[in-house]
Amino acid sequence: MLKRWWAYLLKKTAYTSLLVLALSIMLVPLFLVNVHATSGCITACQLRADTTVPTADGTVYVELDNNTGLVYPLPHTFSFANNSQHTLTVLNQTLSASSGARYVWNEWTHSSLQWTPTLMMRTPIMLFNYTGSSDGGPFTAKFDKQFQYTLTFKDVAGQPLTPAPTSVVLSSSASTVTTSAYSGQWLSATSWTVTSATWEGYSPALVSSVPFDLSSASASVAVAVSAYSASVKVVDKLNNAIQGASVTITFANATSRTFTTNSQGLVQLGDIPSGPYSVHVTYQGQDSGAPIGEDASVASVSTVTLNVGGTSSAPVISAIVLLTIFGVAFFLILLAIKVRRPPPPPKI
C-alpha cells in the first residue's frame with residue numbers, strides 16, 4: 001500500500017514539474033525580450049522610432065514590414081496590435097546636409113545599447129509600449145556625422161613637400177585611423193590629431209603632432225614633416241668645383257643613393273628625411289675616405305674637398321691674356337714705325 005502511494009506521489013510530482021518547465025520555456029523569452037519595458041498594453045501597443053539625424057540636416061525614411069507602400073519619415077510613433085511583431089528597414093544609408101556634414105548609417109539602438117547593426121530592425125513581440133523613458137524609450141536609427149578633411153605637407157622651411165608621406169596616423173578620443181588619402185576625405189565629426197607620419201621610409205617623420213577640429217565644419221591643415229633641403233658640393237684642394245664626381249648618400253632611413261656632380265660640382269638632394277646623413281665621394285681614383293657625417297638641419301650645403309688638383313686655371317688664363325696684350329702692343333709699335341718712315345727722295 002505504501003509503495004503504491006509513493007509511486008502515485010512521484011507520478012504527480014513529475015507531471016507538475018513538466019508543466020512548470022513548459023510554462024517557463026514559453027514565458028521566460030518574453031521577459032528577456034522586454035527587459036526594458038514596464039508599461040503594458042492590452043489591444044494597441046505603441047513603438048516610437050527615432051534617429052540621430054536632426055530634421056534640419058535631412059530626413060531618414062523607414063519601410064514597415066517590407067511593404068513599399070508603408071514608408072514613414074523619422075521620428076514616428078507606430079501603433080501595433082498586441083502580441084504582434086514587425087520590421088522597420090532604413091531606406092537611406094547616407095545623407096548630405098547643407099552644413100557640409102554627411103551622415104552615414106551605423107546601427108539601431110535601444111536604451112543606448114545596440115539592437116542590431118543591420119538596416120532592418122525586428123521589433124520585440126508587442127506586449128508593452130516603447131515610447132518614453134518610463135518604458136525603455138524609443139528605438140533609434142543611429143547615423144555617424146562626418147566632415148571632410150584635407151591635409152597638405154611642408155618641410156621644416158615651410159616649402160611644399162614632394163612626395164607626400166606614404167601614410168599618416170589620425171587619432172581621436174574614440175578611434176585611430178591610418179590613411180594615405182589626404183584630400184576631401186571623411187571622418188567622424190569630432191576633434192582629431194595627426195599623431196604620426198611615415199615619409200621616405202622614415203618614421204616618426206612629424207615635427208610635432210597637429211590637431212584639427214571636425215566637430216562643426218570641414219577643415220584643412222598643413223602638416224610639417226621633418227624634411228630638410230640638402231645639397232653636396234665637391235671641390236679640389238684649390239676650391240675648384242669638380243664635375244663628374246660620384247657621390248653616395250646614406251640617409252637617416254638607412255637607404256642609399258648615388259649621384260654625379262654637375263658642372264658646379266653640386267648634387268641637389270632636395271628634401272631628405274630627418275637631418276643627419278653621410279657622404280662618400282670618389283673621383284678619378286681619389287676617395288674621400290670613411291663616410292662623412294653631415295646634418296641638413298644644421299647646414300643645407302655640405303662641402304667635400306678631395307685631394308686632387310694642384311694647379312689653378314687662373315694663372316694659365318692670365319698668361320694667355322698677357323701674351324695677347326704684348327702681341328697687340330708689338331704689332332701697334334711696328335705699325336707706328338712704318339707709318340712714320342719718310343718717303344724716299346725723288347729720282348733725278
# chains A, B, ... in the order shown; residues from 1 in each chain; ligands from 1
>>> residues_around(residues="A:Asn82", least_positions_apart="6", cutoff="10 Å", atoms="only C-alpha atoms", output="MDAnalysis selection string")
chainID A and resid 40:46 125:129
>>> residues_around(residues="stretch 203-212 of chain A", least_positions_apart="3", cutoff="6 Å", atoms="only C-alpha atoms", output="ChimeraX atom specification")
/A:192-198,224-226
>>> write_last_selection(atoms="N, CA, C and O atoms", output="mmCIF file, in the first residue's frame")
data_model
loop_
_atom_site.group_PDB
_atom_site.id
_atom_site.type_symbol
_atom_site.label_atom_id
_atom_site.label_comp_id
_atom_site.auth_asym_id
_atom_site.auth_seq_id
_atom_site.Cartn_x
_atom_site.Cartn_y
_atom_site.Cartn_z
ATOM 1 N N TRP A 192 40.372 65.735 -33.972
ATOM 2 C CA TRP A 192 41.363 64.753 -34.406
ATOM 3 C C TRP A 192 42.766 65.334 -34.277
ATOM 4 O O TRP A 192 42.942 66.547 -34.186
ATOM 5 N N THR A 193 43.754 64.446 -34.298
ATOM 6 C CA THR A 193 45.156 64.861 -34.255
ATOM 7 C C THR A 193 45.970 63.987 -35.197
ATOM 8 O O THR A 193 45.811 62.760 -35.206
ATOM 9 N N VAL A 194 46.815 64.640 -36.019
ATOM 10 C CA VAL A 194 47.794 63.890 -36.806
ATOM 11 C C VAL A 194 48.925 63.531 -35.848
ATOM 12 O O VAL A 194 49.675 64.397 -35.395
ATOM 13 N N THR A 195 49.031 62.258 -35.501
ATOM 14 C CA THR A 195 49.968 61.846 -34.448
ATOM 15 C C THR A 195 51.256 61.239 -34.987
ATOM 16 O O THR A 195 52.252 61.169 -34.274
ATOM 17 N N SER A 196 51.239 60.785 -36.242
ATOM 18 C CA SER A 196 52.438 60.145 -36.781
ATOM 19 C C SER A 196 52.390 60.190 -38.303
ATOM 20 O O SER A 196 51.320 60.308 -38.901
ATOM 21 N N ALA A 197 53.582 60.102 -38.906
ATOM 22 C CA ALA A 197 53.675 60.066 -40.365
ATOM 23 C C ALA A 197 54.904 59.266 -40.767
ATOM 24 O O ALA A 197 55.900 59.226 -40.037
ATOM 25 N N THR A 198 54.788 58.615 -41.921
ATOM 26 C CA THR A 198 55.924 57.903 -42.499
ATOM 27 C C THR A 198 56.250 58.557 -43.834
ATOM 28 O O THR A 198 55.397 58.641 -44.717
ATOM 29 N N ALA A 224 53.719 69.843 -40.835
ATOM 30 C CA ALA A 224 55.163 69.984 -41.024
ATOM 31 C C ALA A 224 55.850 68.642 -40.810
ATOM 32 O O ALA A 224 55.629 67.968 -39.806
ATOM 33 N N VAL A 225 56.675 68.259 -41.781
ATOM 34 C CA VAL A 225 57.406 66.994 -41.735
ATOM 35 C C VAL A 225 58.891 67.286 -41.528
ATOM 36 O O VAL A 225 59.413 68.301 -42.014
ATOM 37 N N SER A 226 59.555 66.403 -40.801
ATOM 38 C CA SER A 226 60.998 66.566 -40.556
ATOM 39 C C SER A 226 61.781 66.290 -41.834
ATOM 40 O O SER A 226 62.486 65.284 -41.960
#
>>> residues_around(residues="A:Asp57", least_positions_apart="4", cutoff="12 Å", atoms="only C-alpha atoms", output="list of chain:residue names")
A:Thr51, A:Thr52, A:Val53, A:Thr94, A:Leu95, A:Ser96, A:Ala97, A:Ser98, A:Ser99, A:Gly100, A:Ala101, A:Arg102, A:Tyr103, A:Phe143, A:Lys145
>>> residues_around(residues="A:Thr116", least_positions_apart="6", cutoff="10 Å", atoms="only C-alpha atoms", output="number ranges by chain")
A: 106-110, 122, 141
>>> residues_around(residues="A:Ser218", least_positions_apart="6", cutoff="9 Å", atoms="only C-alpha atoms", output="count of residues only")
9
>>> select_by_dssp(residues="stretch 7-215 of chain A", states="strand (DSSP E)", output="PyMOL selection string")
chain A and resi 44-51+61-64+71-73+76-81+87-90+94-96+102-110+113-116+120-122+139-154+167-171+176-179+185-188+191-198+210-213
>>> atom_distance(atom1="atom CA of A:Asn307", atom2="atom CA of A:Gln286")
7.4 Å
>>> closest_atom_pairs(of="stretch 189-232 of chain A", to="stretch 297-300 of chain A", cutoff="7 Å", atoms="only C-alpha atoms", output="tab-separated table")
residue	atom	partner	partner_atom	distance
A:Tyr228	CA	A:Ser297	CA	6.3
A:Ser229	CA	A:Ser300	CA	6.0
A:Ala230	CA	A:Ser300	CA	4.6
A:Ser231	CA	A:Ser300	CA	6.3
>>> atom_distance(atom1="atom CA of A:Ser216", atom2="atom CA of A:Thr190")
7.9 Å
>>> closest_atom_pairs(of="stretch 102-195 of chain A", to="stretch 59-77 of chain A", cutoff="10 Å", atoms="only C-alpha atoms", output="tab-separated table")
residue	atom	partner	partner_atom	distance
A:Leu119	CA	A:Val62	CA	9.2
A:Met120	CA	A:Glu63	CA	8.9
A:Met121	CA	A:Asp65	CA	9.8
A:Arg122	CA	A:Asp65	CA	9.1
A:Tyr130	CA	A:Thr77	CA	9.2
A:Thr131	CA	A:Thr77	CA	7.6
A:Pro138	CA	A:Thr77	CA	8.8
A:Phe139	CA	A:Pro75	CA	9.8
A:Thr140	CA	A:Pro75	CA	8.8
A:Ala141	CA	A:Val60	CA	8.5
A:Phe143	CA	A:Val60	CA	9.8
>>> closest_residue(among="A:Ile242, A:Val281, A:Val235, A:Ala222", to="A:Arg257", atoms="only C-alpha atoms")
A:Val281
>>> decode(residues="stretch 177-268 of chain A", atoms="C-alpha atoms", output="PDB file, in the first residue's frame")
ATOM      1  CA  VAL A 177      42.881  55.711 -38.425  1.00  0.00           C
ATOM      2  CA  THR A 178      45.900  55.061 -40.665  1.00  0.00           C
ATOM      3  CA  THR A 179      45.463  56.575 -44.126  1.00  0.00           C
ATOM      4  CA  SER A 180      47.305  57.570 -47.280  1.00  0.00           C
ATOM      5  CA  ALA A 181      44.397  59.637 -48.651  1.00  0.00           C
ATOM      6  CA  TYR A 182      44.711  63.313 -47.813  1.00  0.00           C
ATOM      7  CA  SER A 183      42.224  65.325 -49.850  1.00  0.00           C
ATOM      8  CA  GLY A 184      38.455  65.517 -49.397  1.00  0.00           C
ATOM      9  CA  GLN A 185      38.273  62.530 -47.021  1.00  0.00           C
ATOM     10  CA  TRP A 186      35.525  61.951 -44.444  1.00  0.00           C
ATOM     11  CA  LEU A 187      35.968  61.462 -40.698  1.00  0.00           C
ATOM     12  CA  SER A 188      33.636  61.467 -37.690  1.00  0.00           C
ATOM     13  CA  ALA A 189      32.627  64.929 -36.522  1.00  0.00           C
ATOM     14  CA  THR A 190      34.988  65.311 -33.574  1.00  0.00           C
ATOM     15  CA  SER A 191      38.480  66.571 -32.730  1.00  0.00           C
ATOM     16  CA  TRP A 192      41.363  64.753 -34.406  1.00  0.00           C
ATOM     17  CA  THR A 193      45.156  64.861 -34.255  1.00  0.00           C
ATOM     18  CA  VAL A 194      47.794  63.890 -36.806  1.00  0.00           C
ATOM     19  CA  THR A 195      49.968  61.846 -34.448  1.00  0.00           C
ATOM     20  CA  SER A 196      52.438  60.145 -36.781  1.00  0.00           C
ATOM     21  CA  ALA A 197      53.675  60.066 -40.365  1.00  0.00           C
ATOM     22  CA  THR A 198      55.924  57.903 -42.499  1.00  0.00           C
ATOM     23  CA  TRP A 199      57.911  59.744 -45.159  1.00  0.00           C
ATOM     24  CA  GLU A 200      60.542  58.250 -47.458  1.00  0.00           C
ATOM     25  CA  GLY A 201      60.622  55.169 -45.221  1.00  0.00           C
ATOM     26  CA  TYR A 202      61.343  57.235 -42.105  1.00  0.00           C
ATOM     27  CA  SER A 203      59.011  57.229 -39.095  1.00  0.00           C
ATOM     28  CA  PRO A 204      58.204  59.169 -36.981  1.00  0.00           C
ATOM     29  CA  ALA A 205      58.574  61.967 -39.502  1.00  0.00           C
ATOM     30  CA  LEU A 206      56.460  64.709 -37.913  1.00  0.00           C
ATOM     31  CA  VAL A 207      57.971  67.876 -36.481  1.00  0.00           C
ATOM     32  CA  SER A 208      55.119  67.774 -33.937  1.00  0.00           C
ATOM     33  CA  SER A 209      51.566  66.473 -33.619  1.00  0.00           C
ATOM     34  CA  VAL A 210      48.976  68.561 -35.464  1.00  0.00           C
ATOM     35  CA  PRO A 211      45.371  68.883 -34.151  1.00  0.00           C
ATOM     36  CA  PHE A 212      42.360  69.716 -36.309  1.00  0.00           C
ATOM     37  CA  ASP A 213      38.684  70.050 -35.444  1.00  0.00           C
ATOM     38  CA  LEU A 214      35.833  68.468 -37.419  1.00  0.00           C
ATOM     39  CA  SER A 215      33.191  68.979 -34.729  1.00  0.00           C
ATOM     40  CA  SER A 216      31.176  71.521 -36.678  1.00  0.00           C
ATOM     41  CA  ALA A 217      32.812  72.001 -40.082  1.00  0.00           C
ATOM     42  CA  SER A 218      35.287  70.606 -42.588  1.00  0.00           C
ATOM     43  CA  ALA A 219      38.944  71.507 -42.085  1.00  0.00           C
ATOM     44  CA  SER A 220      42.210  71.879 -43.983  1.00  0.00           C
ATOM     45  CA  VAL A 221      45.507  71.689 -42.133  1.00  0.00           C
ATOM     46  CA  ALA A 222      49.190  71.984 -43.062  1.00  0.00           C
ATOM     47  CA  VAL A 223      51.441  69.344 -41.528  1.00  0.00           C
ATOM     48  CA  ALA A 224      55.163  69.984 -41.024  1.00  0.00           C
ATOM     49  CA  VAL A 225      57.406  66.994 -41.735  1.00  0.00           C
ATOM     50  CA  SER A 226      60.998  66.566 -40.556  1.00  0.00           C
ATOM     51  CA  ALA A 227      62.318  67.076 -44.079  1.00  0.00           C
ATOM     52  CA  TYR A 228      65.329  69.286 -44.793  1.00  0.00           C
ATOM     53  CA  SER A 229      66.625  70.675 -48.076  1.00  0.00           C
ATOM     54  CA  ALA A 230      70.184  69.447 -48.669  1.00  0.00           C
ATOM     55  CA  SER A 231      72.936  69.585 -51.308  1.00  0.00           C
ATOM     56  CA  VAL A 232      76.560  68.445 -51.548  1.00  0.00           C
ATOM     57  CA  LYS A 233      79.398  70.348 -53.262  1.00  0.00           C
ATOM     58  CA  VAL A 234      82.637  68.621 -54.250  1.00  0.00           C
ATOM     59  CA  VAL A 235      85.796  70.705 -54.749  1.00  0.00           C
ATOM     60  CA  ASP A 236      89.542  70.113 -55.159  1.00  0.00           C
ATOM     61  CA  LYS A 237      92.182  71.392 -52.754  1.00  0.00           C
ATOM     62  CA  LEU A 238      92.198  74.746 -54.536  1.00  0.00           C
ATOM     63  CA  ASN A 239      88.444  75.018 -54.039  1.00  0.00           C
ATOM     64  CA  ASN A 240      87.665  74.463 -57.719  1.00  0.00           C
ATOM     65  CA  ALA A 241      84.393  72.690 -58.459  1.00  0.00           C
ATOM     66  CA  ILE A 242      84.764  69.064 -59.555  1.00  0.00           C
ATOM     67  CA  GLN A 243      82.356  67.858 -62.226  1.00  0.00           C
ATOM     68  CA  GLY A 244      81.608  64.152 -62.639  1.00  0.00           C
ATOM     69  CA  ALA A 245      82.407  63.035 -59.083  1.00  0.00           C
ATOM     70  CA  SER A 246      80.408  60.070 -57.772  1.00  0.00           C
ATOM     71  CA  VAL A 247      78.585  60.943 -54.533  1.00  0.00           C
ATOM     72  CA  THR A 248      76.910  58.231 -52.430  1.00  0.00           C
ATOM     73  CA  ILE A 249      74.443  59.444 -49.792  1.00  0.00           C
ATOM     74  CA  THR A 250      73.145  57.286 -46.920  1.00  0.00           C
ATOM     75  CA  PHE A 251      70.010  58.782 -45.401  1.00  0.00           C
ATOM     76  CA  ALA A 252      68.549  58.585 -41.896  1.00  0.00           C
ATOM     77  CA  ASN A 253      66.176  55.840 -43.052  1.00  0.00           C
ATOM     78  CA  ALA A 254      69.229  53.667 -43.880  1.00  0.00           C
ATOM     79  CA  THR A 255      68.663  53.851 -47.652  1.00  0.00           C
ATOM     80  CA  SER A 256      71.446  54.921 -50.032  1.00  0.00           C
ATOM     81  CA  ARG A 257      71.562  56.645 -53.415  1.00  0.00           C
ATOM     82  CA  THR A 258      74.434  57.570 -55.728  1.00  0.00           C
ATOM     83  CA  PHE A 259      74.593  60.864 -57.631  1.00  0.00           C
ATOM     84  CA  THR A 260      77.007  62.601 -60.035  1.00  0.00           C
ATOM     85  CA  THR A 261      78.114  66.204 -59.540  1.00  0.00           C
ATOM     86  CA  ASN A 262      77.186  68.800 -62.166  1.00  0.00           C
ATOM     87  CA  SER A 263      79.394  71.480 -63.723  1.00  0.00           C
ATOM     88  CA  GLN A 264      79.265  73.460 -60.483  1.00  0.00           C
ATOM     89  CA  GLY A 265      80.371  70.412 -58.513  1.00  0.00           C
ATOM     90  CA  LEU A 266      76.906  70.173 -56.932  1.00  0.00           C
ATOM     91  CA  VAL A 267      74.479  67.370 -56.145  1.00  0.00           C
ATOM     92  CA  GLN A 268      70.986  68.610 -55.287  1.00  0.00           C
TER      93      GLN A 268
END
